[in-house]
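Let me begin by presenting the structure, written as structure tokens, before commenting on it.
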Amino acid sequence: MVDILHRIGVVSPSPDAVYAALTTIDGLAAWWTEDTTGDPAVGGVVKFRFPPGGFDMKVLETTPNERVLWEVVDGPEEWIGTHISFDLKQAGDYTVVLFKQAGWKEPVEFMYHCSTKWATFLLSIKQLVETGKGEPSPNDVRISDWH
């Protein structure tokens, strides 16, 4: 098994705003994809839709201002069963986000694409919290088409 790992620092006096961006439908729609629906409470399923398709995430854990954990329950075959976590910690003026998508069976080319896209969306969270406006799909950075 292999994982996608990223770390960003968001200028924020506390993790509150980052946590809200990860645990509310409006917050998620403001940085990942505008087409976000569902139930962001533990046990709920959040549906994220993009022009080429989408993902359904079951919410496994939400520890206020510390951790968000999802399991992919629908989407591309390579994603199903992977776990996506956001661990938050305060470091001076920054809220540090440690991102992981754990459990890829092998590092296929799609994983390379997804790793780069996760990086762009993590920067979208940073923009959202720091400036009030993220770059969610369909306004995200295009890196290539994926079919």
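Chain labels A, B, ... are given in the sequence in which chains occur in the structure tokens; within each chain residues are numbered consecutively from 1, and ligands are likewise numbered from 1 in the order shown.
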Would you list, as number ranges by chain, the residues of range 4-142 of chain A that end up in strand (DSSP E) under DSSP run on this structure's backbone? A: 4-11, 35-38, 45-50, 53-63, 67-74, 83-91, 94-104
Restricting it to C-alpha atoms, dump the selection as a tab-separated table (two decimals), in the first residue's frame.
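Now in again-v7.tsv:
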```tsv
chain	number	residue	atom	x	y	z
A	4	ILE	CA	-0.29	10.49	-0.85
A	5	LEU	CA	1.13	12.93	1.73
A	6	HIS	CA	1.12	16.74	1.78
A	7	ARG	CA	1.75	19.49	4.35
A	8	ILE	CA	0.64	23.12	4.15
A	9	GLY	CA	0.62	26.03	6.57
A	10	VAL	CA	-2.37	28.34	6.59
A	11	VAL	CA	-2.00	31.77	8.17
A	35	ASP	CA	-20.95	20.59	-6.49
A	36	THR	CA	-20.79	19.26	-2.91
A	37	THR	CA	-23.80	17.76	-1.12
A	38	GLY	CA	-24.55	15.36	1.70
A	45	VAL	CA	-21.75	10.63	3.40
A	46	VAL	CA	-20.56	13.68	1.48
A	47	LYS	CA	-20.79	13.61	-2.33
A	48	PHE	CA	-18.21	15.54	-4.35
A	49	ARG	CA	-18.88	15.92	-8.09
A	50	PHE	CA	-16.47	17.12	-10.78
A	53	GLY	CA	-17.04	12.22	-12.24
A	54	GLY	CA	-16.98	12.22	-8.47
A	55	PHE	CA	-16.36	10.67	-5.10
A	56	ASP	CA	-18.51	9.75	-2.10
A	57	MET	CA	-16.83	9.99	1.30
A	58	LYS	CA	-18.14	8.44	4.50
A	59	VAL	CA	-17.22	10.64	7.45
A	60	LEU	CA	-15.45	8.44	10.01
A	61	GLU	CA	-14.11	11.05	12.43
A	62	THR	CA	-14.31	14.77	13.16
A	63	THR	CA	-12.31	15.91	16.17
A	67	ARG	CA	-8.69	15.84	12.73
A	68	VAL	CA	-11.06	14.93	9.91
A	69	LEU	CA	-11.12	11.37	8.51
A	70	TRP	CA	-13.09	10.05	5.54
A	71	GLU	CA	-13.35	6.70	3.79
A	72	VAL	CA	-13.94	6.66	0.04
A	73	VAL	CA	-17.07	4.55	-0.52
A	74	ASP	CA	-17.76	5.39	-4.19
A	83	HIS	CA	-8.83	6.86	3.75
A	84	ILE	CA	-8.40	10.61	3.56
A	85	SER	CA	-7.27	12.46	6.66
A	86	PHE	CA	-6.59	16.05	7.56
A	87	ASP	CA	-4.67	16.49	10.81
A	88	LEU	CA	-4.50	20.06	12.12
A	89	LYS	CA	-2.10	21.66	14.59
A	90	GLN	CA	-1.20	25.21	15.51
A	91	ALA	CA	2.40	26.34	14.94
A	94	TYR	CA	0.03	28.97	11.09
A	95	THR	CA	-2.49	26.19	11.19
A	96	VAL	CA	-0.54	23.25	9.78
A	97	VAL	CA	-2.53	20.75	7.75
A	98	LEU	CA	-1.07	17.27	7.39
A	99	PHE	CA	-2.97	15.59	4.57
A	100	LYS	CA	-2.95	11.87	3.77
A	101	GLN	CA	-4.78	9.68	1.30
A	102	ALA	CA	-3.84	6.25	2.62
A	103	GLY	CA	-4.26	2.82	1.15
A	104	TRP	CA	-3.56	3.05	-2.57
```
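The environment of Leu22 in chain A within 10 Å, counting only C-alpha atoms and disregarding residues fewer than 3 places along the same chain, consists of Ala17, Val18, Tyr19, Ile25, Asp26, Gly27, Leu28, Ala29, Ala30, Trp31, Trp32, Pro40, Thr62, Asn65, Arg67, Val68, Leu69, Phe86 and Ile125 of chain A.
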Keeping N, CA and C atoms, export the residues of the selection given above as a CSV table (one decimal), in the first residue's frame.
```csv
chain,number,residue,atom,x,y,z
A,17,ALA,N,-11.1,28.1,11.4
A,17,ALA,CA,-11.5,28.3,10.0
A,17,ALA,C,-11.2,27.2,9.1
A,18,VAL,N,-10.0,26.6,9.3
A,18,VAL,CA,-9.6,25.4,8.5
A,18,VAL,C,-10.5,24.2,8.8
A,19,TYR,N,-10.8,24.0,10.0
A,19,TYR,CA,-11.7,22.9,10.4
A,19,TYR,C,-13.1,23.1,9.8
A,25,ILE,N,-20.7,21.7,4.5
A,25,ILE,CA,-20.9,21.6,3.0
A,25,ILE,C,-20.5,22.9,2.4
A,26,ASP,N,-20.8,24.1,2.9
A,26,ASP,CA,-20.4,25.4,2.4
A,26,ASP,C,-18.9,25.5,2.3
A,27,GLY,N,-18.2,25.1,3.4
A,27,GLY,CA,-16.8,25.1,3.5
A,27,GLY,C,-16.1,24.2,2.4
A,28,LEU,N,-16.6,23.0,2.3
A,28,LEU,CA,-16.0,22.1,1.3
A,28,LEU,C,-16.2,22.6,-0.1
A,29,ALA,N,-17.4,23.1,-0.4
A,29,ALA,CA,-17.7,23.6,-1.7
A,29,ALA,C,-16.9,24.9,-2.0
A,30,ALA,N,-16.4,25.5,-1.1
A,30,ALA,CA,-15.6,26.8,-1.3
A,30,ALA,C,-14.1,26.5,-1.6
A,31,TRP,N,-13.7,25.2,-1.4
A,31,TRP,CA,-12.3,25.0,-1.8
A,31,TRP,C,-12.1,23.7,-2.7
A,32,TRP,N,-13.0,22.7,-2.7
A,32,TRP,CA,-12.8,21.5,-3.4
A,32,TRP,C,-13.6,21.5,-4.7
A,40,PRO,N,-22.2,16.0,6.4
A,40,PRO,CA,-20.8,16.0,6.9
A,40,PRO,C,-20.6,15.6,8.3
A,62,THR,N,-14.5,13.3,13.1
A,62,THR,CA,-14.3,14.8,13.2
A,62,THR,C,-14.0,15.2,14.6
A,65,ASN,N,-11.1,21.0,15.4
A,65,ASN,CA,-9.8,21.7,15.3
A,65,ASN,C,-8.6,20.8,15.3
A,67,ARG,N,-8.7,16.9,13.7
A,67,ARG,CA,-8.7,15.8,12.7
A,67,ARG,C,-10.0,15.6,12.0
A,68,VAL,N,-9.9,15.3,10.7
A,68,VAL,CA,-11.1,14.9,9.9
A,68,VAL,C,-10.6,13.7,9.2
A,69,LEU,N,-11.5,12.6,9.2
A,69,LEU,CA,-11.1,11.4,8.5
A,69,LEU,C,-12.3,10.9,7.7
A,86,PHE,N,-7.1,14.7,7.4
A,86,PHE,CA,-6.6,16.0,7.6
A,86,PHE,C,-6.3,16.2,9.0
A,125,ILE,N,-7.6,25.6,-0.1
A,125,ILE,CA,-8.0,25.8,1.3
A,125,ILE,C,-7.2,27.0,1.9
```
Rounded to one decimal in Å, what is the spacing between CA of Glu34 in chain A and CA of Pro138 in chain A? 7.2 Å
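Shortest separation to Cys114 in chain A among A:Pro76, A:Gly43, A:Pro13, A:Gly81 occurs at residue A:Pro76, atoms counted being only C-alpha atoms.
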